[in-house]
Every structure is written in structure tokens, then in C-alpha cells.
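Colleague: Provided herewith: upload-v5.cif, mmCIF, C-alpha atoms.
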data_run
loop_
_atom_site.label_atom_id
_atom_site.label_comp_id
_atom_site.auth_asym_id
_atom_site.auth_seq_id
_atom_site.Cartn_x
_atom_site.Cartn_y
_atom_site.Cartn_z
CA MET A 1 -84.81 -10.03 -87.12
CA GLU A 2 -86.82 -12.41 -84.94
CA SER A 3 -86.23 -14.44 -81.81
CA VAL A 4 -88.08 -17.24 -80.11
CA SER A 5 -88.65 -16.11 -76.53
CA VAL A 6 -90.31 -17.02 -73.28
CA ILE A 7 -93.15 -14.54 -72.78
CA LEU A 8 -94.90 -14.00 -69.48
CA GLU A 9 -98.22 -12.64 -70.71
CA GLY A 10 -99.33 -12.22 -67.08
CA PRO A 11 -99.14 -14.14 -63.81
CA ARG A 12 -98.93 -17.90 -64.52
CA ALA A 13 -99.55 -17.26 -68.23
CA LEU A 14 -96.43 -18.36 -70.12
CA SER A 15 -95.81 -18.96 -73.81
CA VAL A 16 -92.83 -19.63 -76.07
CA ARG A 17 -93.24 -17.86 -79.40
CA PRO A 18 -91.45 -15.80 -82.08
CA ILE A 19 -91.20 -12.05 -81.53
CA ALA A 20 -89.50 -9.25 -83.44
CA LEU A 21 -86.20 -7.87 -82.18
CA ASP A 22 -85.13 -4.26 -82.28
CA THR A 23 -82.84 -3.46 -85.22
CA PRO A 24 -79.21 -3.52 -84.05
CA THR A 25 -77.40 -0.18 -84.07
CA ALA A 26 -73.77 0.30 -85.03
CA ASP A 27 -72.85 -0.05 -81.34
CA ASP A 28 -74.77 -3.27 -80.69
CA ILE A 29 -73.88 -6.93 -80.83
CA VAL A 30 -76.19 -9.85 -81.59
CA VAL A 31 -75.93 -12.96 -79.42
CA ASP A 32 -77.47 -16.38 -79.98
CA ILE A 33 -78.41 -17.69 -76.55
CA HIS A 34 -77.52 -21.33 -75.95
CA TRP A 35 -78.60 -21.66 -72.32
CA SER A 36 -80.64 -19.62 -69.86
CA GLY A 37 -81.42 -20.25 -66.21
CA ILE A 38 -84.74 -19.93 -64.41
CA SER A 39 -84.49 -17.84 -61.24
CA THR A 40 -86.43 -19.18 -58.27
CA GLY A 41 -86.26 -15.73 -56.64
CA THR A 42 -87.24 -12.68 -58.68
CA GLU A 43 -88.37 -14.66 -61.73
CA LYS A 44 -90.69 -16.81 -59.64
CA LEU A 45 -92.27 -13.65 -58.25
CA PHE A 46 -92.94 -12.35 -61.78
CA TRP A 47 -94.39 -15.73 -62.77
CA SER A 48 -96.66 -15.91 -59.72
CA GLY A 49 -97.65 -12.24 -59.82
CA GLU A 50 -96.24 -11.63 -56.32
CA MET A 51 -93.41 -9.28 -57.32
CA PRO A 52 -93.76 -5.99 -55.42
CA PRO A 53 -94.26 -3.05 -57.82
CA PHE A 54 -91.21 -1.16 -59.06
CA PRO A 55 -90.48 1.24 -61.99
CA GLY A 56 -90.64 -0.47 -65.38
CA MET A 57 -92.56 -3.48 -64.16
CA GLY A 58 -95.44 -4.82 -66.25
CA TYR A 59 -96.61 -7.54 -68.62
CA PRO A 60 -96.03 -8.95 -71.17
CA LEU A 61 -92.35 -9.46 -70.45
CA VAL A 62 -89.38 -11.60 -71.41
CA PRO A 63 -87.83 -12.88 -68.15
CA GLY A 64 -84.38 -14.21 -67.42
CA TYR A 65 -81.05 -12.67 -66.37
CA GLU A 66 -78.92 -15.85 -66.39
CA ALA A 67 -77.90 -16.63 -69.96
CA ALA A 68 -74.88 -17.70 -71.98
CA GLY A 69 -74.41 -17.83 -75.72
CA GLU A 70 -72.33 -16.94 -78.75
CA VAL A 71 -71.75 -13.62 -80.47
CA VAL A 72 -73.01 -13.84 -84.07
CA GLU A 73 -72.75 -10.18 -85.09
CA ALA A 74 -70.29 -7.51 -83.91
CA ASN A 75 -68.66 -4.45 -85.41
CA SER A 76 -65.30 -2.75 -85.13
CA ASN A 77 -66.42 -0.68 -82.12
CA THR A 78 -65.95 -3.67 -79.82
CA THR A 79 -63.22 -6.18 -79.06
CA LEU A 80 -65.81 -8.96 -79.22
CA LYS A 81 -66.06 -10.93 -82.43
CA PRO A 82 -68.39 -13.56 -83.90
CA GLY A 83 -67.77 -16.91 -82.25
CA ASP A 84 -66.93 -15.46 -78.83
CA LYS A 85 -68.79 -17.10 -75.94
CA VAL A 86 -70.38 -14.65 -73.52
CA PHE A 87 -72.45 -14.45 -70.37
CA VAL A 88 -75.55 -12.27 -70.91
CA PRO A 89 -77.47 -10.71 -67.98
CA GLY A 90 -80.54 -10.17 -70.16
CA ALA A 91 -81.52 -7.54 -72.71
CA SER A 92 -84.23 -5.05 -73.59
CA CYS A 93 -84.64 -5.46 -77.33
CA PHE A 94 -88.17 -6.75 -77.80
CA GLY A 95 -90.12 -3.68 -78.93
CA ASP A 96 -93.32 -3.26 -76.92
CA ILE A 97 -92.61 -6.40 -74.89
CA ARG A 98 -90.69 -5.56 -71.75
CA GLY A 99 -87.27 -7.05 -71.20
CA LEU A 100 -87.50 -7.96 -67.50
CA PHE A 101 -84.89 -9.21 -67.64
CA GLY A 102 -84.81 -10.40 -71.22
CA GLY A 103 -82.43 -13.36 -71.24
CA ALA A 104 -84.89 -16.19 -71.92
CA SER A 105 -84.69 -15.80 -75.68
CA SER A 106 -82.97 -17.60 -78.54
CA ARG A 107 -81.38 -14.36 -79.76
CA ILE A 108 -80.83 -10.94 -78.22
CA VAL A 109 -79.50 -7.54 -79.25
CA THR A 110 -77.48 -5.65 -76.66
CA HIS A 111 -74.54 -3.33 -76.06
CA PRO A 112 -71.20 -5.16 -75.72
CA ASP A 113 -70.52 -3.51 -72.36
CA ARG A 114 -73.39 -5.52 -70.89
CA VAL A 115 -71.94 -8.95 -71.68
CA LEU A 116 -68.92 -10.80 -70.31
CA LYS A 117 -66.62 -12.88 -72.48
CA ILE A 118 -66.21 -16.32 -70.92
CA ASP A 119 -64.33 -19.57 -71.52
CA ALA A 120 -65.96 -21.59 -74.28
CA GLY A 121 -65.47 -24.76 -72.27
CA LEU A 122 -67.94 -23.71 -69.58
CA GLY A 123 -70.98 -24.63 -71.65
CA ALA A 124 -74.23 -24.31 -69.71
CA GLU A 125 -72.29 -23.39 -66.57
CA GLY A 126 -71.64 -20.02 -68.22
CA ALA A 127 -75.22 -19.07 -67.33
CA MET A 128 -74.31 -19.33 -63.64
CA PHE A 129 -72.26 -16.13 -63.57
CA ALA A 130 -75.24 -14.05 -62.42
CA LEU A 131 -75.68 -16.10 -59.25
CA ALA A 132 -71.93 -16.38 -58.71
CA ALA A 133 -71.64 -12.58 -58.97
CA THR A 134 -74.59 -12.23 -56.58
CA ALA A 135 -72.77 -14.34 -54.01
CA ARG A 136 -69.51 -12.49 -54.61
CA HIS A 137 -71.21 -9.12 -54.13
CA ALA A 138 -72.63 -10.23 -50.79
CA LEU A 139 -69.18 -11.29 -49.61
CA ALA A 140 -67.39 -8.23 -51.00
CA GLY A 141 -69.87 -5.65 -49.72
CA LEU A 142 -69.25 -2.76 -47.37
CA ASN A 143 -67.55 -3.71 -44.08
CA ASN A 144 -67.89 -7.35 -44.97
CA THR A 145 -67.01 -10.37 -42.87
CA LEU A 146 -66.87 -13.88 -44.32
CA PRO A 147 -69.78 -16.04 -43.13
CA ASP A 148 -69.43 -18.65 -40.45
CA LEU A 149 -73.08 -19.66 -41.06
CA ILE A 150 -74.92 -19.74 -44.40
CA VAL A 151 -78.66 -20.39 -44.38
CA GLY A 152 -79.94 -22.26 -47.43
CA HIS A 153 -78.04 -24.76 -49.58
CA GLY A 154 -79.52 -23.72 -52.91
CA VAL A 155 -77.31 -22.36 -55.67
CA VAL A 156 -76.55 -19.02 -53.99
CA GLY A 157 -75.84 -20.74 -50.67
CA ARG A 158 -73.47 -23.19 -52.36
CA LEU A 159 -71.69 -20.38 -54.17
CA LEU A 160 -71.36 -18.40 -50.93
CA ALA A 161 -69.71 -21.42 -49.31
CA ARG A 162 -67.38 -22.01 -52.27
CA LEU A 163 -66.37 -18.35 -52.39
CA THR A 164 -65.71 -18.33 -48.65
CA LEU A 165 -63.30 -21.24 -49.08
CA ALA A 166 -61.76 -19.59 -52.17
CA ALA A 167 -61.11 -16.46 -50.06
CA GLY A 168 -59.16 -18.56 -47.57
CA GLY A 169 -61.82 -18.43 -44.87
CA PRO A 170 -62.65 -21.27 -42.48
CA ALA A 171 -65.28 -23.70 -43.72
CA PRO A 172 -68.70 -22.21 -42.90
CA MET A 173 -71.59 -24.15 -41.44
CA VAL A 174 -74.55 -24.37 -43.83
CA TRP A 175 -78.17 -25.00 -42.83
CA ASP A 176 -80.95 -26.49 -44.90
CA ILE A 177 -84.24 -27.94 -43.70
CA ASP A 178 -84.60 -30.13 -46.81
CA PRO A 179 -82.64 -33.41 -46.53
CA ALA A 180 -82.31 -33.58 -50.33
CA ARG A 181 -80.44 -30.26 -50.34
CA ARG A 182 -77.91 -31.28 -47.73
CA THR A 183 -75.94 -33.17 -50.37
CA GLY A 184 -73.29 -31.82 -52.73
CA ALA A 185 -71.13 -30.02 -50.15
CA LYS A 186 -67.40 -29.87 -50.84
CA GLY A 187 -65.19 -28.82 -47.96
CA TYR A 188 -67.94 -27.72 -45.58
CA GLU A 189 -70.80 -29.25 -43.59
CA VAL A 190 -74.55 -28.96 -44.21
CA MET A 191 -76.96 -29.77 -41.41
CA ASP A 192 -80.52 -29.40 -40.18
CA PRO A 193 -80.70 -26.19 -38.11
CA GLU A 194 -82.58 -28.06 -35.38
CA GLU A 195 -79.44 -30.15 -34.82
CA ASP A 196 -77.12 -27.16 -34.46
CA PRO A 197 -76.73 -25.95 -30.84
CA ARG A 198 -74.57 -22.90 -31.62
CA ARG A 199 -75.68 -19.43 -30.54
CA ASP A 200 -72.43 -17.57 -31.21
CA TYR A 201 -72.20 -17.06 -34.97
CA THR A 202 -70.53 -13.77 -35.88
CA SER A 203 -71.65 -13.52 -39.49
CA ILE A 204 -74.83 -15.21 -40.75
CA TYR A 205 -75.64 -15.00 -44.47
CA ASP A 206 -79.25 -15.82 -45.35
CA ALA A 207 -79.78 -17.03 -48.92
CA THR A 208 -83.37 -18.25 -48.53
CA GLY A 209 -85.45 -15.13 -49.15
CA ASP A 210 -87.63 -16.24 -46.22
CA SER A 211 -88.85 -13.12 -44.43
CA SER A 212 -89.89 -15.08 -41.33
CA LEU A 213 -86.36 -16.20 -40.37
CA LEU A 214 -84.94 -12.94 -39.05
CA ASN A 215 -85.76 -13.48 -35.38
CA THR A 216 -84.34 -17.01 -35.52
CA LEU A 217 -81.12 -15.80 -37.09
CA ILE A 218 -80.68 -12.94 -34.63
CA GLY A 219 -81.07 -15.48 -31.85
CA ARG A 220 -78.10 -17.42 -33.21
CA LEU A 221 -75.73 -14.43 -33.27
CA ALA A 222 -72.84 -13.71 -30.96
CA LYS A 223 -72.86 -10.26 -29.38
CA GLY A 224 -72.13 -7.70 -32.09
CA GLY A 225 -72.80 -10.24 -34.84
CA GLU A 226 -74.25 -9.48 -38.25
CA VAL A 227 -77.03 -10.92 -40.39
CA VAL A 228 -76.50 -10.42 -44.13
CA LEU A 229 -79.62 -10.64 -46.29
CA ALA A 230 -78.35 -12.19 -49.51
CA GLY A 231 -81.73 -13.33 -50.85
CA PHE A 232 -84.70 -11.42 -52.25
CA TYR A 233 -87.54 -10.79 -49.80
CA PRO A 234 -91.02 -10.05 -51.22
CA GLU A 235 -92.62 -9.75 -47.77
CA PRO A 236 -91.92 -6.97 -45.25
CA LEU A 237 -89.11 -7.75 -42.85
CA SER A 238 -89.55 -7.30 -39.11
CA PHE A 239 -87.86 -8.47 -35.93
CA ALA A 240 -88.29 -8.29 -32.18
CA PHE A 241 -86.16 -5.43 -30.90
CA PRO A 242 -85.18 -6.64 -27.37
CA PRO A 243 -83.19 -9.73 -28.48
CA ALA A 244 -81.48 -7.71 -31.22
CA PHE A 245 -80.77 -4.95 -28.69
CA MET A 246 -79.19 -7.41 -26.25
CA LYS A 247 -77.01 -8.83 -29.01
CA GLU A 248 -76.17 -5.40 -30.47
CA ALA A 249 -76.98 -7.08 -33.74
CA ARG A 250 -76.16 -5.59 -37.12
CA LEU A 251 -78.14 -6.04 -40.34
CA ARG A 252 -76.73 -5.69 -43.86
CA ILE A 253 -78.54 -5.96 -47.18
CA ALA A 254 -76.56 -7.24 -50.16
CA ALA A 255 -77.60 -5.25 -53.22
CA GLU A 256 -77.50 -6.31 -56.86
CA TRP A 257 -74.17 -7.38 -58.31
CA ASN A 258 -72.27 -5.09 -60.65
CA ARG A 259 -69.73 -5.51 -63.45
CA GLU A 260 -66.82 -5.49 -61.00
CA ASP A 261 -68.35 -8.58 -59.38
CA LEU A 262 -68.68 -10.29 -62.77
CA ILE A 263 -65.05 -9.60 -63.67
CA ALA A 264 -63.80 -10.74 -60.26
CA THR A 265 -65.91 -13.90 -60.47
CA ARG A 266 -64.60 -14.70 -63.94
CA ALA A 267 -61.04 -14.32 -62.66
CA LEU A 268 -61.74 -16.81 -59.87
CA VAL A 269 -63.32 -19.28 -62.31
CA ASP A 270 -60.50 -18.92 -64.85
CA ALA A 271 -57.89 -19.44 -62.11
CA GLY A 272 -59.63 -22.59 -60.89
CA ALA A 273 -60.36 -21.04 -57.48
CA LEU A 274 -64.14 -21.18 -57.98
CA SER A 275 -65.97 -24.07 -59.59
CA LEU A 276 -69.41 -23.72 -61.17
CA ASP A 277 -69.91 -27.45 -61.63
CA GLY A 278 -72.57 -29.47 -59.82
CA LEU A 279 -74.97 -26.51 -59.54
CA ILE A 280 -77.27 -27.37 -62.45
CA SER A 281 -79.71 -30.10 -61.49
CA HIS A 282 -82.17 -30.00 -64.40
CA MET A 283 -82.13 -29.07 -68.10
CA GLN A 284 -84.99 -29.00 -70.62
CA PRO A 285 -85.40 -27.79 -74.20
CA ALA A 286 -86.63 -24.21 -74.35
CA ARG A 287 -89.76 -25.30 -76.21
CA ASP A 288 -90.79 -27.08 -72.98
CA ALA A 289 -90.39 -23.91 -70.91
CA SER A 290 -93.87 -24.13 -69.38
CA ALA A 291 -93.11 -27.51 -67.81
CA ALA A 292 -89.58 -26.38 -66.94
CA TYR A 293 -90.85 -23.38 -64.98
CA GLN A 294 -93.26 -25.59 -63.06
CA THR A 295 -90.44 -27.97 -62.17
CA ALA A 296 -88.09 -25.14 -61.20
CA PHE A 297 -90.61 -23.66 -58.78
CA ASP A 298 -92.36 -26.75 -57.43
CA ASP A 299 -89.80 -29.58 -57.36
CA PRO A 300 -87.66 -29.40 -54.20
CA ASP A 301 -84.99 -31.51 -55.91
CA CYS A 302 -84.50 -28.81 -58.57
CA THR A 303 -81.70 -26.50 -57.47
CA LYS A 304 -81.24 -24.95 -60.91
CA MET A 305 -83.22 -25.41 -64.12
CA ILE A 306 -81.53 -24.53 -67.40
CA LEU A 307 -83.37 -24.00 -70.69
CA ASP A 308 -81.48 -25.32 -73.74
CA TRP A 309 -82.02 -22.86 -76.62
CA LYS A 310 -79.81 -24.54 -79.22
CA GLY A 311 -81.91 -25.20 -82.30
CA SER A 312 -84.72 -22.90 -81.15
CA ALA A 313 -83.89 -19.87 -83.32
#
So that I can check it, write out the structure of this file as C-alpha cells.
Modeller:
Amino acid sequence: MESVSVILEGPRALSVRPIALDTPTADDIVVDIHWSGISTGTEKLFWSGEMPPFPGMGYPLVPGYEAAGEVVEANSNTTLKPGDKVFVPGASCFGDIRGLFGGASSRIVTHPDRVLKIDAGLGAEGAMFALAATARHALAGLNNTLPDLIVGHGVVGRLLARLTLAAGGPAPMVWDIDPARRTGAKGYEVMDPEEDPRRDYTSIYDATGDSSLLNTLIGRLAKGGEVVLAGFYPEPLSFAFPPAFMKEARLRIAAEWNREDLIATRALVDAGALSLDGLISHMQPARDASAAYQTAFDDPDCTKMILDWKGSA
């Protein structure tokens, strides 16, 4: 069995080519991927070669953890059946080629417990469950407080705002320094941080991944306020202690989402409490992945790039 996959041979060395898949076991399912998203956080760091080392890292690799497709093979050990539409958080089924995270592929082999059955009507929006679950995990973390300020109006920032409203919280303020990204808000305000005079936010969620912002955010807290790091930060984080001391500031790191977050997010989407529309700004055929990655990482108007895999198998 073969798949056409995005391969990162090394930093900034990308190809789209056929590779062999591992033979499915009796417990596996086979999924044809229809759409996969390009992450401008962790995936960009793999592409650029700036990802800090961690166990299992290396090249060549198949990237991608935001994918949606259709089950084409399943056995009696699972409730899934051919034709079911599923969200796929990647796979590791490419032999000697690492699956980090393995979703940017026309076909994958995986265990059914790793996928999430979704509404067939979602289409490409089904690939957005990874980021929606990321935002949900940040909000549902330990000792959590809903944000009254969200920093960054990219996809995660937008989802954080939508989930805050879905939870019945007051509309948060959202900052973005890019005028093009201040559009698309529904039920909340987006503004340039330079125009915001407030210094009494109780819960600031940062979705930028910008390591240099911590002092600025601490300076905007009310006494006893919290900064939640909801992005991915490749550079070391540091802050000046005296201002944080005076504010009695708290710092929380939102870890990776889990299956509970996926299931809770699906329930919100199915109930109509959370919308995934309007998040995808760009889509290109998977065969044009090299240009798509460049656009995803370099074009400020690109909030989310989706690769269309239909017809690529």
C-alpha cells in the first residue's frame, strides 16, 4: 500500500512523493485524507529547522496533525465503518520515514482510537479540530479562568474568543498588531494593543508564540492576574521579576490537547455552540505543497492554509 505524502527531507527541503505505508494490522483502520492543515507553529519550526530537540525528532519526516478524511478500510473490532468521515491528528505508518506528525498524506494507517468521527457536512473545516481542541484545552485547564484579553487574532486566538462566548463568558478583548487580522470578529472586539489603555486584565491568554511579550503582558495584569501561554514558544521565556512581584502575577502553560478535549469540542460543534467557519483563508492542491507552505509561513493574510488531497492518492 502506498500514499502520496509531504516529506520534509530536512530544513526547507520539501517534496511531495509516493511512499510505502506500513501493512495494516487487524486492529487498524485505513483513512483517505481529503484535507490537511499547515501549522504555523510547530510545523513551521520543523520546516525552518528551528524546532528545539525532543525525543523522536529527526528527518525525513511527514508533518501535519490537522487532517480530515474518510475511512476506507475497517474491521469488526471498531465501530467505525468505510464511508465514515473522521478527524485525524496524524499517524506514524511510513516505515523509516518519521511520522511527525504524519497527517500530510493522501492515505494513512492508524488505530481507530486515534481518530474522531465527525459530521460529513464539515468538509475541510473538519481539519480544524486540532486547533479547536488546543483552544479548548487552554480554557479547560487546571484552575482556569476565562480570558478577558486574548493576544493574537490568528486561528487559535479566534477559537479562544469563540469558545469564551460559547461558555457564556463576557466578550473578551482581542489584540493584534496586524490590521489585516483585526477583521472577522463575531461578538467581540479586536484592536491594536497600542490603542488599549487597560492595565487591569485578570486573565490574559497569549496565542502568538512570541517569547518577547511576557513583560508587556504582565504589565497589563490586575493584581493577582494570570498570563496563560497558549502558543508554542521556541525561544526561552524570561521576565522581569519586580513588576511580576508587585502584581503577584501567575503564569500557566497550556499543554497539548487530549481526547477529552476533542470529544468536548465535537459536542460544541454538533450543538451549534462553536462554529469552525471563516477560519480557513487559503486552500491549494496537495501537489503544490511547496508553494502552499511558503504562503502559510510568509503571507500575513494567510490565517490557515489547507492542502486538498482529493485525487492525490
Colleague: Contacts of A:Asn215 at 8 Å or less, counting all atoms listed in the file, minus same-chain residues fewer than 3 places along, as a list in words?
Modeller: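 Contacts, with the query itself left out: Ser212, Ile218, Gly219, Phe239 and Ala240 of chain A.
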Colleague: Could you give me, as a PyMOL selection string, the residues that have an atom at most 10 Å away from the point (-84.6, -6.6, -74.4) in the coordinates of the file, using only C-alpha atoms?
Modeller: chain A and resi 21-22+61-63+90-105+107-110
Colleague: To verify the selection step, state as number ranges by chain which residues the PyMOL selection byres ((chain A and resi 165-171) around 10) yields on this input.
Modeller: A: 139, 145-149, 159-164, 172-174, 186-189, 268, 272-275
Colleague: When distances are computed from only C-alpha atoms, which of A:Pro242, A:Asp196, A:Asp27, A:Asp119 shows the smallest separation from A:Asp270?
Modeller: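 Selected residue with least distance to A:Asp270: A:Asp119.
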Colleague: How would you write, as a PyMOL selection string, the residues chosen by the PyMOL selection byres ((chain A and resi 263) around 12) on this structure?
Modeller: chain A and resi 87+113-118+129-130+132-133+136-137+257-262+264-270
Colleague: Quote the spacing between atom CA of A:Ala207 and atom CA of A:Gly157 in Å to one decimal place.
Modeller: 5.7 Å
Colleague: Which is closest to A:Ala13 among A:Val71, A:Ile280, A:Ser290, A:Ile306, if we use all atoms listed in the file?
Modeller: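 Ranked by minimum distance to A:Ala13, first place goes to A:Ser290.
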Colleague: Select, counting all atoms listed in the file, all protein, DNA and RNA residues no farther than 9 Å from (-80.8, -30.8, -59.0) in file coordinates, and express the selection as an MDAnalysis selection string.
Modeller: chainID A and resid 181 278:282 300:305
Colleague: For the structure shown, which residues end up in the PyMOL selection byres ((chain A and resi 310) around 8)? Put them as a PDB file with C-alpha atoms, in the coordinates of the input, please?
Modeller:
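Generated file (selection-v7.pdb):
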ATOM      1  CA  ILE A  33     -78.410 -17.690 -76.550  1.00  0.00           C
ATOM      2  CA  HIS A  34     -77.520 -21.330 -75.950  1.00  0.00           C
ATOM      3  CA  TRP A  35     -78.600 -21.660 -72.320  1.00  0.00           C
ATOM      4  CA  SER A 106     -82.970 -17.600 -78.540  1.00  0.00           C
ATOM      5  CA  ASP A 308     -81.480 -25.320 -73.740  1.00  0.00           C
ATOM      6  CA  TRP A 309     -82.020 -22.860 -76.620  1.00  0.00           C
ATOM      7  CA  GLY A 311     -81.910 -25.200 -82.300  1.00  0.00           C
ATOM      8  CA  SER A 312     -84.720 -22.900 -81.150  1.00  0.00           C
ATOM      9  CA  ALA A 313     -83.890 -19.870 -83.320  1.00  0.00           C
TER      10      ALA A 313
END
Colleague: Rounded to one decimal, what separation in Å do you get between atom CA of A:Asp200 and atom CA of A:Gly225?
Modeller: 8.2 Å
Colleague: For A:Asp277, which residue among A:Pro234, A:Ala249, A:Ala124, A:Pro193 is the nearest when counting only C-alpha atoms?
Modeller: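 Between A:Pro234, A:Ala249, A:Ala124, A:Pro193, the residue approaching A:Asp277 most closely is A:Ala124.
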Colleague: Kindly give the distance, in Å, that separates atom CA of A:Gly224 and atom CA of A:Ala140, rounded to a single decimal.
Modeller: 19.5 Å
Colleague: Using only C-alpha atoms for the distances, tell me which of A:Leu307, A:Asn75, A:His111, A:Tyr65 is nearest to A:Leu131.
Modeller: A:Tyr65
Colleague: Measuring between all atoms listed in the file, which one of A:Pro11, A:Ala222, A:Ser5, A:Pro236 shows the shortest distance to A:Glu50?
Modeller: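 Answer, going by the shortest atom-to-atom distance: A:Pro11.
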Colleague: Please list as a list in words every residue within 8 Å of A:Ser15, counting all atoms listed in the file and excluding residues in the same chain fewer than 6 positions away.
Modeller: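 Answer for this query is Val6, Ile7, Leu8, Glu9, Ala289 and Ser290 of chain A.
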Colleague: First collect every listed atom of stretch 170-176 of chain A; then fit an axis-aligned box around them, widen it by 5 Å on each side, and give centre and edge lengths in Å to one decimal, as AutoDock Vina command-line options.
Modeller:
--center_x -71.8 --center_y -23.9 --center_z -43.2 --size_x 28.3 --size_y 15.2 --size_z 13.5
Colleague: Go through A:Leu122, A:Ala135, A:Leu217, A:Met283 and flag the residue nearest A:Ala255, using all atoms listed in the file for the distances.
Modeller: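 Using all atoms listed in the file, the shortest distance to A:Ala255 belongs to A:Ala135.
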Colleague: Excluding A:Ala127 and residues on its chain fewer than 5 positions from it, collect all residues at most 8 Å away from it, counting all atoms listed in the file, and give them as a list of chain:residue names.
Modeller: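 These residues fall inside the cut-off: A:Trp35, A:Ser36, A:Gly37, A:Glu66, A:Ala67, A:Ala68, A:Phe87, A:Val88.
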Colleague: Grab the residues selected above and save them as a tab-separated table (two decimals), keeping the file's coordinate frame with C-alpha atoms.
Modeller:
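Generated output (selection-v1.tsv):
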chain	number	residue	atom	x	y	z
A	35	TRP	CA	-78.60	-21.66	-72.32
A	36	SER	CA	-80.64	-19.62	-69.86
A	37	GLY	CA	-81.42	-20.25	-66.21
A	66	GLU	CA	-78.92	-15.85	-66.39
A	67	ALA	CA	-77.90	-16.63	-69.96
A	68	ALA	CA	-74.88	-17.70	-71.98
A	87	PHE	CA	-72.45	-14.45	-70.37
A	88	VAL	CA	-75.55	-12.27	-70.91
Colleague: Can stretch 172-179 of chain A be brought up to all heavy atoms and written out as a PDB file, in the frame of the given file?
Modeller:
ATOM      1  N   PRO A 172     -67.499 -22.649 -43.607  1.00  0.00           N
ATOM      2  CA  PRO A 172     -68.700 -22.210 -42.900  1.00  0.00           C
ATOM      3  C   PRO A 172     -69.622 -23.391 -42.618  1.00  0.00           C
ATOM      4  O   PRO A 172     -69.559 -24.414 -43.299  1.00  0.00           O
ATOM      5  CB  PRO A 172     -69.349 -21.250 -43.897  1.00  0.00           C
ATOM      6  CG  PRO A 172     -68.948 -21.799 -45.237  1.00  0.00           C
ATOM      7  CD  PRO A 172     -67.564 -22.353 -45.052  1.00  0.00           C
ATOM      8  N   MET A 173     -70.477 -23.236 -41.617  1.00  0.00           N
ATOM      9  CA  MET A 173     -71.590 -24.150 -41.440  1.00  0.00           C
ATOM     10  C   MET A 173     -72.693 -23.711 -42.400  1.00  0.00           C
ATOM     11  O   MET A 173     -72.876 -22.515 -42.646  1.00  0.00           O
ATOM     12  CB  MET A 173     -72.110 -24.106 -40.000  1.00  0.00           C
ATOM     13  CG  MET A 173     -73.371 -24.938 -39.769  1.00  0.00           C
ATOM     14  SD  MET A 173     -73.124 -26.687 -40.167  1.00  0.00           S
ATOM     15  CE  MET A 173     -71.996 -27.133 -38.833  1.00  0.00           C
ATOM     16  N   VAL A 174     -73.419 -24.670 -42.958  1.00  0.00           N
ATOM     17  CA  VAL A 174     -74.550 -24.370 -43.830  1.00  0.00           C
ATOM     18  C   VAL A 174     -75.773 -25.104 -43.308  1.00  0.00           C
ATOM     19  O   VAL A 174     -75.692 -26.284 -42.935  1.00  0.00           O
ATOM     20  CB  VAL A 174     -74.270 -24.788 -45.293  1.00  0.00           C
ATOM     21  CG1 VAL A 174     -75.475 -24.473 -46.186  1.00  0.00           C
ATOM     22  CG2 VAL A 174     -73.024 -24.082 -45.824  1.00  0.00           C
ATOM     23  N   TRP A 175     -76.898 -24.410 -43.250  1.00  0.00           N
ATOM     24  CA  TRP A 175     -78.170 -25.000 -42.830  1.00  0.00           C
ATOM     25  C   TRP A 175     -79.073 -25.231 -44.042  1.00  0.00           C
ATOM     26  O   TRP A 175     -79.108 -24.422 -44.967  1.00  0.00           O
ATOM     27  CB  TRP A 175     -78.926 -24.055 -41.911  1.00  0.00           C
ATOM     28  CG  TRP A 175     -78.418 -23.903 -40.525  1.00  0.00           C
ATOM     29  CD1 TRP A 175     -77.414 -24.593 -39.911  1.00  0.00           C
ATOM     30  CD2 TRP A 175     -78.922 -22.979 -39.556  1.00  0.00           C
ATOM     31  NE1 TRP A 175     -77.247 -24.157 -38.629  1.00  0.00           N
ATOM     32  CE2 TRP A 175     -78.166 -23.162 -38.374  1.00  0.00           C
ATOM     33  CE3 TRP A 175     -79.920 -22.011 -39.563  1.00  0.00           C
ATOM     34  CZ2 TRP A 175     -78.394 -22.409 -37.223  1.00  0.00           C
ATOM     35  CZ3 TRP A 175     -80.155 -21.261 -38.424  1.00  0.00           C
ATOM     36  CH2 TRP A 175     -79.406 -21.463 -37.256  1.00  0.00           C
ATOM     37  N   ASP A 176     -79.815 -26.311 -43.991  1.00  0.00           N
ATOM     38  CA  ASP A 176     -80.950 -26.490 -44.900  1.00  0.00           C
ATOM     39  C   ASP A 176     -81.929 -27.445 -44.247  1.00  0.00           C
ATOM     40  O   ASP A 176     -81.524 -28.476 -43.689  1.00  0.00           O
ATOM     41  CB  ASP A 176     -80.515 -27.020 -46.265  1.00  0.00           C
ATOM     42  CG  ASP A 176     -81.501 -26.613 -47.356  1.00  0.00           C
ATOM     43  OD1 ASP A 176     -82.666 -27.070 -47.321  1.00  0.00           O
ATOM     44  OD2 ASP A 176     -81.135 -25.801 -48.230  1.00  0.00           O
ATOM     45  N   ILE A 177     -83.220 -27.090 -44.320  1.00  0.00           N
ATOM     46  CA  ILE A 177     -84.240 -27.940 -43.700  1.00  0.00           C
ATOM     47  C   ILE A 177     -84.624 -29.106 -44.583  1.00  0.00           C
ATOM     48  O   ILE A 177     -85.261 -30.056 -44.119  1.00  0.00           O
ATOM     49  CB  ILE A 177     -85.500 -27.118 -43.339  1.00  0.00           C
ATOM     50  CG1 ILE A 177     -86.115 -26.485 -44.595  1.00  0.00           C
ATOM     51  CG2 ILE A 177     -85.163 -26.039 -42.308  1.00  0.00           C
ATOM     52  CD1 ILE A 177     -87.441 -25.791 -44.339  1.00  0.00           C
ATOM     53  N   ASP A 178     -84.251 -29.075 -45.858  1.00  0.00           N
ATOM     54  CA  ASP A 178     -84.600 -30.130 -46.810  1.00  0.00           C
ATOM     55  C   ASP A 178     -83.465 -31.149 -46.877  1.00  0.00           C
ATOM     56  O   ASP A 178     -82.359 -30.819 -47.304  1.00  0.00           O
ATOM     57  CB  ASP A 178     -84.856 -29.517 -48.184  1.00  0.00           C
ATOM     58  CG  ASP A 178     -85.351 -30.534 -49.208  1.00  0.00           C
ATOM     59  OD1 ASP A 178     -85.267 -31.748 -48.942  1.00  0.00           O
ATOM     60  OD2 ASP A 178     -85.813 -30.112 -50.280  1.00  0.00           O
ATOM     61  N   PRO A 179     -83.718 -32.395 -46.482  1.00  0.00           N
ATOM     62  CA  PRO A 179     -82.640 -33.410 -46.530  1.00  0.00           C
ATOM     63  C   PRO A 179     -82.018 -33.552 -47.908  1.00  0.00           C
ATOM     64  O   PRO A 179     -80.812 -33.800 -48.025  1.00  0.00           O
ATOM     65  CB  PRO A 179     -83.345 -34.692 -46.086  1.00  0.00           C
ATOM     66  CG  PRO A 179     -84.529 -34.228 -45.289  1.00  0.00           C
ATOM     67  CD  PRO A 179     -84.972 -32.951 -45.932  1.00  0.00           C
TER      68      PRO A 179
END
